[in-house]
$ cat final10.tsv   # TSV, C-alpha atoms and all ligand atoms
chain	number	residue	atom	x	y	z
X	139	MET	CA	55.86	13.76	2.73
X	140	SER	CA	56.52	11.93	-0.48
X	141	SER	CA	58.01	8.52	-0.91
X	142	ASN	CA	60.92	10.14	-2.73
X	143	SER	CA	62.64	10.56	0.61
X	144	SER	CA	64.49	7.48	1.82
X	145	GLN	CA	62.02	7.05	4.68
X	146	ARG	CA	59.24	4.75	3.52
X	147	ARG	CA	55.78	5.19	4.94
X	148	VAL	CA	52.92	2.91	5.94
X	149	GLY	CA	49.45	4.43	6.44
X	150	LEU	CA	46.57	2.86	8.33
X	151	LEU	CA	42.95	3.45	7.39
X	152	VAL	CA	40.67	2.36	10.22
X	153	GLY	CA	37.20	2.46	11.70
X	154	ARG	CA	36.44	2.52	15.42
X	155	GLU	CA	39.05	-0.06	16.39
X	156	ARG	CA	42.14	1.14	18.24
X	157	SER	CA	44.06	-1.76	19.79
X	158	PHE	CA	45.30	-3.34	16.55
X	159	PRO	CA	46.23	-0.19	14.60
X	160	ASP	CA	47.81	1.50	17.63
X	161	ALA	CA	49.93	-1.60	18.31
X	162	LEU	CA	50.86	-2.00	14.63
X	163	ILE	CA	51.97	1.63	14.31
X	164	ALA	CA	54.02	1.34	17.52
X	165	GLU	CA	55.60	-1.94	16.40
X	166	ILE	CA	56.62	-0.63	12.97
X	167	ASN	CA	57.98	2.60	14.45
X	168	THR	CA	60.11	0.84	17.07
X	169	ARG	CA	61.89	-1.33	14.53
X	170	ASN	CA	64.14	1.37	13.02
X	171	SER	CA	63.80	-0.31	9.62
X	172	GLY	CA	63.61	2.85	7.52
X	173	VAL	CA	59.84	2.39	7.38
X	174	SER	CA	57.52	4.49	9.56
X	175	ALA	CA	53.79	4.12	10.19
X	176	GLU	CA	50.96	6.54	10.95
X	177	TYR	CA	47.21	6.93	10.59
X	178	VAL	CA	46.25	8.12	7.10
X	179	ARG	CA	44.89	11.68	6.98
X	180	ILE	CA	42.84	12.62	3.93
X	181	GLY	CA	40.47	15.37	2.91
X	182	HIS	CA	39.44	15.35	-0.73
X	183	THR	CA	41.38	13.33	-3.29
X	184	SER	CA	42.58	14.97	-6.47
X	185	LEU	CA	43.69	13.73	-9.84
X	186	ASP	CA	47.06	15.35	-9.18
X	187	ASP	CA	47.78	13.95	-5.71
X	188	GLU	CA	51.31	12.69	-5.20
X	189	ARG	CA	51.98	9.34	-3.61
X	190	ARG	CA	52.15	9.77	0.15
X	191	TYR	CA	52.33	6.15	1.27
X	192	ASP	CA	54.25	3.12	0.11
X	193	VAL	CA	51.74	0.84	1.81
X	194	ILE	CA	48.24	1.41	3.16
X	195	VAL	CA	46.64	-1.13	5.46
X	196	ASP	CA	42.91	-0.74	4.83
X	197	ARG	CA	40.59	-1.91	7.57
X	198	ILE	CA	37.42	0.01	6.72
X	199	SER	CA	36.84	0.90	3.05
X	200	HIS	CA	34.03	-1.68	2.83
X	201	GLU	CA	32.00	0.72	5.00
X	202	VAL	CA	33.20	4.08	3.64
X	203	SER	CA	32.82	4.21	-0.12
X	204	TYR	CA	34.82	7.45	-0.45
X	205	TYR	CA	37.85	5.55	0.86
X	206	GLN	CA	37.47	3.13	-2.05
X	207	ALA	CA	37.93	6.04	-4.47
X	208	PHE	CA	40.97	7.24	-2.51
X	209	LEU	CA	42.51	3.75	-2.32
X	210	LYS	CA	42.07	2.92	-5.98
X	211	ARG	CA	43.70	6.21	-6.93
X	212	ALA	CA	46.53	5.50	-4.47
X	213	ALA	CA	47.01	2.05	-6.02
X	214	LEU	CA	47.36	3.66	-9.44
X	215	GLY	CA	50.05	5.91	-7.98
X	216	GLY	CA	52.05	2.89	-6.81
X	217	THR	CA	50.89	2.49	-3.21
X	218	HIS	CA	50.52	-1.14	-2.21
X	219	ILE	CA	47.12	-1.60	-0.55
X	220	VAL	CA	46.44	-4.38	1.93
X	221	ASN	CA	44.00	-5.69	0.75
X	222	ASN	CA	43.68	-5.02	-2.97
X	223	PRO	CA	40.80	-2.50	-3.21
X	224	PHE	CA	39.65	-3.77	-6.59
X	225	TRP	CA	39.24	-7.32	-5.43
X	226	ARG	CA	38.05	-6.55	-1.91
X	227	ILE	CA	34.81	-4.96	-3.02
X	228	ALA	CA	34.22	-7.37	-5.90
X	229	ASP	CA	34.65	-10.63	-3.99
X	230	ASP	CA	31.71	-12.69	-2.84
X	231	LYS	CA	31.08	-15.88	-0.93
X	232	PHE	CA	29.48	-17.77	-3.77
X	233	PHE	CA	32.30	-17.18	-6.21
X	234	GLY	CA	34.80	-17.91	-3.43
X	235	THR	CA	33.12	-21.20	-2.62
X	236	CYS	CA	33.15	-22.23	-6.29
X	237	LEU	CA	36.81	-21.20	-6.60
X	238	ALA	CA	37.74	-23.17	-3.47
X	239	ARG	CA	36.12	-26.26	-4.89
X	240	GLU	CA	38.02	-25.85	-8.16
X	241	LEU	CA	41.20	-25.66	-6.07
X	242	GLY	CA	40.36	-29.05	-4.56
X	243	ILE	CA	39.23	-27.74	-1.17
X	244	ALA	CA	36.14	-29.28	0.45
X	245	VAL	CA	33.23	-26.82	0.71
X	246	PRO	CA	29.55	-27.09	1.69
X	247	LYS	CA	27.06	-27.60	-1.14
X	248	THR	CA	26.03	-24.05	-2.00
X	249	VAL	CA	23.37	-22.31	-4.09
X	250	ALA	CA	23.10	-18.63	-5.04
X	251	LEU	CA	19.50	-17.36	-4.92
X	252	PRO	CA	17.71	-14.70	-6.95
X	253	ASN	CA	17.10	-11.58	-4.81
X	254	LYS	CA	13.94	-11.18	-2.81
X	255	ASP	CA	13.64	-7.42	-3.50
X	256	TYR	CA	15.15	-5.01	-6.01
X	257	PRO	CA	15.94	-1.29	-6.02
X	258	GLU	CA	13.16	1.08	-7.02
X	259	GLY	CA	12.64	1.15	-10.75
X	260	ILE	CA	13.33	-2.54	-11.28
X	261	VAL	CA	9.96	-3.98	-12.34
X	262	ALA	CA	8.77	-7.39	-13.54
X	263	GLU	CA	9.69	-6.55	-17.15
X	264	SER	CA	13.27	-5.78	-16.04
X	265	LEU	CA	13.67	-9.35	-14.88
X	266	GLY	CA	12.66	-11.23	-17.99
X	267	ASN	CA	15.71	-13.49	-17.77
X	268	LEU	CA	14.72	-14.86	-14.39
X	269	VAL	CA	12.89	-18.16	-14.16
X	270	TYR	CA	9.99	-17.85	-11.74
X	271	PRO	CA	8.95	-19.25	-9.29
X	272	VAL	CA	12.12	-20.30	-7.52
X	273	ASP	CA	12.29	-24.10	-7.17
X	274	TRP	CA	12.65	-24.20	-3.39
X	275	GLN	CA	12.18	-27.95	-3.20
X	276	ALA	CA	15.07	-28.63	-5.60
X	277	ILE	CA	17.27	-26.18	-3.67
X	278	ALA	CA	16.45	-27.78	-0.32
X	279	ASP	CA	16.99	-31.26	-1.75
X	280	TYR	CA	20.44	-30.17	-2.95
X	281	THR	CA	21.72	-28.54	0.26
X	282	GLY	CA	19.77	-30.74	2.64
X	283	MET	CA	18.35	-29.37	5.90
X	284	PRO	CA	19.39	-27.76	8.18
X	285	ALA	CA	21.19	-25.24	6.03
X	286	PHE	CA	22.69	-21.76	6.39
X	287	LEU	CA	21.16	-18.80	4.60
X	288	LYS	CA	23.52	-15.82	4.37
X	289	PRO	CA	24.39	-12.84	2.17
X	290	HIS	CA	26.85	-13.53	-0.62
X	291	TRP	CA	28.77	-10.45	0.53
X	292	GLY	CA	28.65	-9.85	4.22
X	293	GLY	CA	30.19	-10.01	7.64
X	294	GLY	CA	29.48	-9.75	11.34
X	295	TRP	CA	26.91	-12.56	11.06
X	296	LYS	CA	24.43	-10.06	9.61
X	297	LEU	CA	21.46	-11.93	8.10
X	298	VAL	CA	23.22	-15.27	8.74
X	299	ASN	CA	20.51	-17.80	9.68
X	300	ARG	CA	20.40	-21.52	10.23
X	301	VAL	CA	17.15	-22.89	8.81
X	302	ASP	CA	15.56	-26.25	9.56
X	303	SER	CA	12.84	-26.47	6.93
X	304	ILE	CA	11.64	-24.96	3.67
X	305	GLU	CA	9.07	-22.94	5.67
X	306	GLU	CA	11.80	-21.42	7.79
X	307	LEU	CA	13.99	-20.86	4.73
X	308	LEU	CA	11.18	-18.91	3.07
X	309	ALA	CA	10.51	-16.87	6.21
X	310	ARG	CA	14.20	-15.84	6.50
X	311	TYR	CA	14.51	-15.31	2.74
X	312	ASP	CA	11.53	-12.93	2.91
X	313	GLU	CA	13.56	-10.80	5.32
X	314	SER	CA	16.63	-10.61	3.09
X	315	GLY	CA	15.53	-7.52	1.11
X	316	ALA	CA	17.79	-6.63	-1.80
X	317	TYR	CA	20.74	-8.72	-0.60
X	318	CYS	CA	21.88	-11.54	-2.85
X	319	MET	CA	21.70	-14.60	-0.60
X	320	ILE	CA	23.32	-18.02	-0.67
X	321	LEU	CA	22.04	-21.23	0.88
X	322	GLN	CA	24.64	-23.62	2.17
X	323	GLU	CA	24.61	-27.18	3.45
X	324	GLU	CA	25.27	-27.21	7.18
X	325	ILE	CA	28.59	-28.82	8.07
X	326	SER	CA	28.03	-30.36	11.49
X	327	TRP	CA	31.51	-30.31	12.83
X	328	SER	CA	33.54	-31.98	15.55
X	329	MET	CA	36.21	-29.23	15.48
X	330	TYR	CA	36.25	-25.68	14.20
X	331	VAL	CA	39.33	-23.57	13.52
X	332	ARG	CA	40.07	-20.08	12.35
X	333	CYS	CA	43.31	-19.35	10.54
X	334	ILE	CA	44.76	-15.89	10.99
X	335	CYS	CA	46.47	-15.22	7.67
X	336	ILE	CA	49.03	-12.52	7.01
X	337	GLY	CA	50.85	-12.07	3.72
X	338	GLN	CA	49.24	-15.14	2.12
X	339	ARG	CA	51.82	-17.56	3.60
X	340	GLU	CA	51.93	-16.82	7.36
X	341	ILE	CA	49.14	-18.85	8.92
X	342	LEU	CA	48.26	-19.23	12.60
X	343	VAL	CA	45.70	-22.01	13.06
X	344	VAL	CA	43.69	-21.54	16.24
X	345	PRO	CA	40.65	-23.21	17.76
X	346	TRP	CA	37.60	-20.98	17.44
X	347	ASP	CA	34.17	-21.72	18.80
X	348	PRO	CA	31.25	-20.09	16.95
X	349	ARG	CA	28.84	-21.34	19.65
X	350	LYS	CA	30.34	-18.89	22.15
X	351	SER	CA	29.61	-15.19	22.46
X	352	HIS	CA	31.67	-12.84	20.27
X	353	PHE	CA	34.49	-12.14	22.76
X	354	GLU	CA	34.77	-15.78	23.85
X	355	ARG	CA	35.20	-17.37	20.43
X	356	TYR	CA	39.01	-17.35	20.44
X	357	VAL	CA	39.86	-17.16	24.12
X	358	GLY	CA	37.05	-19.46	25.27
X	359	ALA	CA	37.43	-22.16	22.59
X	360	MET	CA	38.24	-25.72	23.54
X	361	HIS	CA	41.76	-26.70	22.58
X	362	TRP	CA	40.83	-29.27	19.96
X	363	ARG	CA	43.72	-31.49	19.06
X	364	LEU	CA	44.41	-31.45	15.35
X	365	ASP	CA	46.77	-34.19	14.28
X	366	SER	CA	49.79	-32.86	12.41
X	367	GLY	CA	48.55	-34.13	9.01
X	368	LEU	CA	45.24	-32.30	9.40
X	369	GLU	CA	46.92	-29.13	10.60
X	370	ARG	CA	49.33	-29.21	7.64
X	371	LEU	CA	46.43	-29.66	5.22
X	372	ILE	CA	44.57	-26.73	6.79
X	373	VAL	CA	47.64	-24.49	6.52
X	374	GLU	CA	48.17	-25.48	2.87
X	375	GLN	CA	44.54	-24.88	2.00
X	376	ALA	CA	44.48	-21.50	3.75
X	377	GLN	CA	47.63	-20.49	1.85
X	378	LEU	CA	46.09	-21.62	-1.43
X	379	LEU	CA	42.91	-19.62	-0.79
X	380	ASN	CA	44.85	-16.46	0.11
X	381	GLU	CA	47.04	-16.83	-2.93
X	382	ALA	CA	44.04	-17.41	-5.22
X	383	LEU	CA	42.19	-14.42	-3.76
X	384	GLY	CA	45.27	-12.23	-3.41
X	385	TYR	CA	44.62	-11.43	0.24
X	386	ASP	CA	47.46	-10.24	2.47
X	387	MET	CA	45.21	-10.00	5.52
X	388	ASN	CA	42.43	-12.51	6.07
X	389	THR	CA	40.89	-15.08	8.34
X	390	VAL	CA	39.92	-18.48	6.97
X	391	GLU	CA	37.51	-20.73	8.84
X	392	PHE	CA	37.33	-24.49	8.58
X	393	ALA	CA	34.71	-26.80	10.07
X	394	VAL	CA	36.09	-30.32	10.44
X	395	ARG	CA	33.59	-33.12	9.70
X	396	ASP	CA	34.69	-36.77	9.66
X	397	GLY	CA	38.31	-35.62	9.58
X	398	VAL	CA	37.77	-33.43	6.48
X	399	PRO	CA	38.24	-29.64	6.76
X	400	TYR	CA	35.46	-27.74	4.99
X	401	ALA	CA	36.17	-24.10	4.14
X	402	ILE	CA	33.27	-22.07	5.56
X	403	ASP	CA	34.25	-18.41	5.41
X	404	PHE	CA	37.50	-17.25	3.90
X	405	MET	CA	36.64	-13.77	2.72
X	406	ASN	CA	37.34	-11.62	5.73
X	407	SER	CA	39.46	-8.95	4.17
X	408	ALA	CA	39.32	-6.73	7.29
X	409	PRO	CA	39.10	-9.29	10.08
X	410	ASP	CA	38.44	-8.44	13.70
X	411	PHE	CA	41.95	-8.21	15.19
X	412	ASP	CA	40.94	-6.52	18.43
X	413	ILE	CA	42.87	-7.61	21.50
X	414	THR	CA	39.62	-8.27	23.34
X	415	SER	CA	38.64	-10.83	20.66
X	416	LEU	CA	42.03	-12.40	19.91
X	417	GLY	CA	43.49	-12.49	23.41
X	418	GLU	CA	47.06	-11.41	24.08
X	419	THR	CA	48.99	-14.32	22.49
X	420	TYR	CA	47.23	-14.30	19.10
X	421	PHE	CA	47.12	-10.49	19.13
X	422	THR	CA	50.90	-10.25	19.56
X	423	TRP	CA	51.48	-12.80	16.79
X	424	THR	CA	49.15	-10.87	14.45
X	425	VAL	CA	50.73	-7.46	15.15
X	426	ASN	CA	54.23	-8.84	14.59
X	427	ALA	CA	53.31	-10.69	11.41
X	428	MET	CA	51.58	-7.59	10.01
X	429	ALA	CA	54.53	-5.36	10.92
X	430	ASP	CA	56.89	-7.78	9.10
X	431	LEU	CA	54.59	-7.77	6.09
X	432	ALA	CA	54.00	-4.00	5.92
X	433	ILE	CA	57.75	-3.36	6.15
X	434	ALA	CA	58.51	-5.94	3.47
X	435	ARG	CA	55.83	-4.53	1.15
X	436	ALA	CA	57.08	-0.96	1.77
X	437	ASN	CA	60.55	-2.17	0.80
X	438	GLY	CA	59.25	-3.42	-2.53
X	439	ASP	CA	58.54	-7.07	-1.79
X	440	ARG	CA	55.21	-7.16	-3.64
X	441	PRO	CA	53.04	-10.18	-4.44
X	442	ARG	CA	52.97	-11.58	-7.95
X	443	THR	CA	49.47	-10.33	-8.77
X	444	ASN	CA	49.74	-7.00	-10.50
X	445	TYR	CA	47.12	-4.68	-11.91
X	446	ARG	CA	46.18	-5.18	-15.53
X	447	TRP	CA	47.23	-1.69	-16.50
X	448	ASP	CA	50.75	-1.97	-15.05
X	449	ALA	CA	52.47	-3.06	-18.25
X	450	LEU	CA	50.53	-0.57	-20.43
X	451	LEU	CA	51.31	2.29	-18.06
X	452	ALA	CA	54.97	1.39	-17.91
X	453	GLY	CA	55.03	1.59	-21.73
X	454	VAL	CA	53.22	4.97	-21.79
X	455	ARG	CA	55.50	6.39	-19.09
X	456	ALA	CA	58.59	5.18	-20.94
X	457	LEU	CA	57.42	6.98	-24.08
X	458	ARG	CA	56.85	10.19	-22.10
X	459	ALA	CA	60.26	10.07	-20.44
X	501	LIG	N1	27.72	-24.02	5.95
X	501	LIG	C1	27.90	-23.87	7.25
X	501	LIG	N2	28.00	-24.95	8.09
X	501	LIG	C2	28.17	-24.79	9.41
X	501	LIG	N3	28.28	-23.59	10.01
X	501	LIG	C3	28.19	-22.48	9.24
X	501	LIG	C4	27.99	-22.56	7.83
X	501	LIG	N4	27.94	-21.31	7.35
X	501	LIG	C5	28.08	-20.48	8.40
X	501	LIG	N5	28.22	-21.18	9.55
X	501	LIG	C6	28.37	-20.61	10.89
X	501	LIG	O1	27.92	-19.26	10.90
X	501	LIG	C7	29.01	-18.39	11.21
X	501	LIG	C8	28.88	-17.10	10.41
X	501	LIG	O2	28.96	-17.39	9.02
X	501	LIG	P1	29.93	-16.56	8.07
X	501	LIG	O3	31.31	-16.54	8.63
X	501	LIG	O4	29.76	-17.03	6.69
X	501	LIG	O5	29.28	-15.10	8.23
X	501	LIG	P2	30.01	-13.70	8.39
X	501	LIG	O6	28.91	-12.73	8.48
X	501	LIG	O7	31.04	-13.55	7.34
X	501	LIG	O8	30.74	-13.85	9.81
X	501	LIG	P3	32.15	-13.22	10.30
X	501	LIG	O9	31.95	-11.77	10.48
X	501	LIG	O10	32.43	-13.95	11.61
X	501	LIG	O11	33.16	-13.54	9.25
X	501	LIG	C9	30.28	-19.18	10.91
X	501	LIG	O12	31.34	-18.75	11.74
X	501	LIG	C10	29.83	-20.60	11.25
X	501	LIG	O13	29.95	-20.84	12.64
X	502	MG	MG	33.06	-13.39	7.30
$ encode --input "final10.tsv" --output "structure tokens"
Amino acid sequence: MSSNSSQRRVGLLVGRERSFPDALIAEINTRNSGVSAEYVRIGHTSLDDERRYDVIVDRISHEVSYYQAFLKRAALGGTHIVNNPFWRIADDKFFGTCLARELGIAVPKTVALPNKDYPEGIVAESLGNLVYPVDWQAIADYTGMPAFLKPHWGGGWKLVNRVDSIEELLARYDESGAYCMILQEEISWSMYVRCICIGQREILVVPWDPRKSHFERYVGAMHWRLDSGLERLIVEQAQLLNEALGYDMNTVEFAVRDGVPYAIDFMNSAPDFDITSLGETYFTWTVNAMADLAIARANGDRPRTNYRWDALLAGVRALRA
């Protein structure tokens, strides 16, 4: 089962979802490209494991920490992981927002907040660096109200709240536990789009309506008309974000206010690609784009970003040879 054979192998690591991975495996396997796909099977992971996959598409390691250990070890062995397991767990919405702004992309005014609670053992003396109390008035003046309070690392709208006043902000903040939260200016939009992004450059811009229920957001969205200049800008900005973050699989959301696209959430490294959410047309596009990408990556077409140890390891291996 090693990659020494001429057949190259793509493995999928998944949670409960079935429609996307089943369709991706079927699509790769019907192409007769010399690359096959299957669900990853793992028990324990050992120091001495051989490389079994050329590419692994990871859809779940954010929820299964053992998979992070497995994936990082696989990356060291030369497997290309979509998405990069080192970055995927380290990313956060505050850093991303700051990075986007540095890249010249419009973003909501955003503040990172000290935690409400801390793990057991962290006491007042442990937090001597922190200025207390938090200056809620200054924060609210900066973001304006209403604003969005949300975890700096999160998904599925968990603990995402729109707040109208400082009182409401404090009430929601008090419920945030040990999560690091951010507060963000509300962008009141006239159009909202989600970009499905595969391989950093392939971008499908689609209307997406966050006011609808989960399964209606793509298929039930109004078909807002983006003029071609705006659509081009959105595509370029989505590509720039993916390139900066190194994501090969992502969704990037923009809220359009006064003709300006504001990047709202662009760190969805395992986006919902279920057919019931995407609808048939977007689903088919996504499966095809991901099959193209996985095959290309399995054939050695890797992105520019490499791991820091690559050059050192190449030197050590050359000495050993
Ligand atoms: N600053 C903002 N201005 C306007 N709307 C916002 C803002 N922040 C968040 N929202 C709304 O809240 C929704 C959820 O926020 P966000 O995407 O950051 O959370 P999430 O938990 O990552 O969600 P998902 O799982 O859909 O990616 C967004 O789709 C958007 O509709
Ligand atoms: Mg998200």
$ closest_residue --input "final10.tsv" --among "X:Trp346, X:Phe353, X:Tyr204, X:Phe411" --to "X:Phe392" --atoms "only C-alpha atoms"
X:Trp346
$ residues_near_ligand --input "final10.tsv" --ligand "ligand MG 502 (chain X)" --cutoff "6 Å" --atoms "all atoms listed in the file" --output "list in words"
Gly293, Asp403, Met405 and Asn406 of chain X
$ residues_near_ligand --input "final10.tsv" --ligand "ligand LIG 501 (chain X)" --cutoff "10 Å" --atoms "all atoms listed in the file" --output "PyMOL selection string"
chain X and resi 231+245-248+281+284-300+320-327+330-332+346-350+352+355+388-395+400-410
$ atom_distance --input "final10.tsv" --atom1 "atom CA of X:Val301" --atom2 "atom CA of X:Ile334"
28.6 Å
$ residues_around --input "final10.tsv" --residues "X:Pro223" --least-positions-apart "2" --cutoff "8 Å" --atoms "only C-alpha atoms" --output "PyMOL selection string"
chain X and resi 206+209-210+219-221+225-227
$ atom_distance --input "final10.tsv" --atom1 "atom CA of X:Met387" --atom2 "atom CA of X:Phe224"
14.7 Å
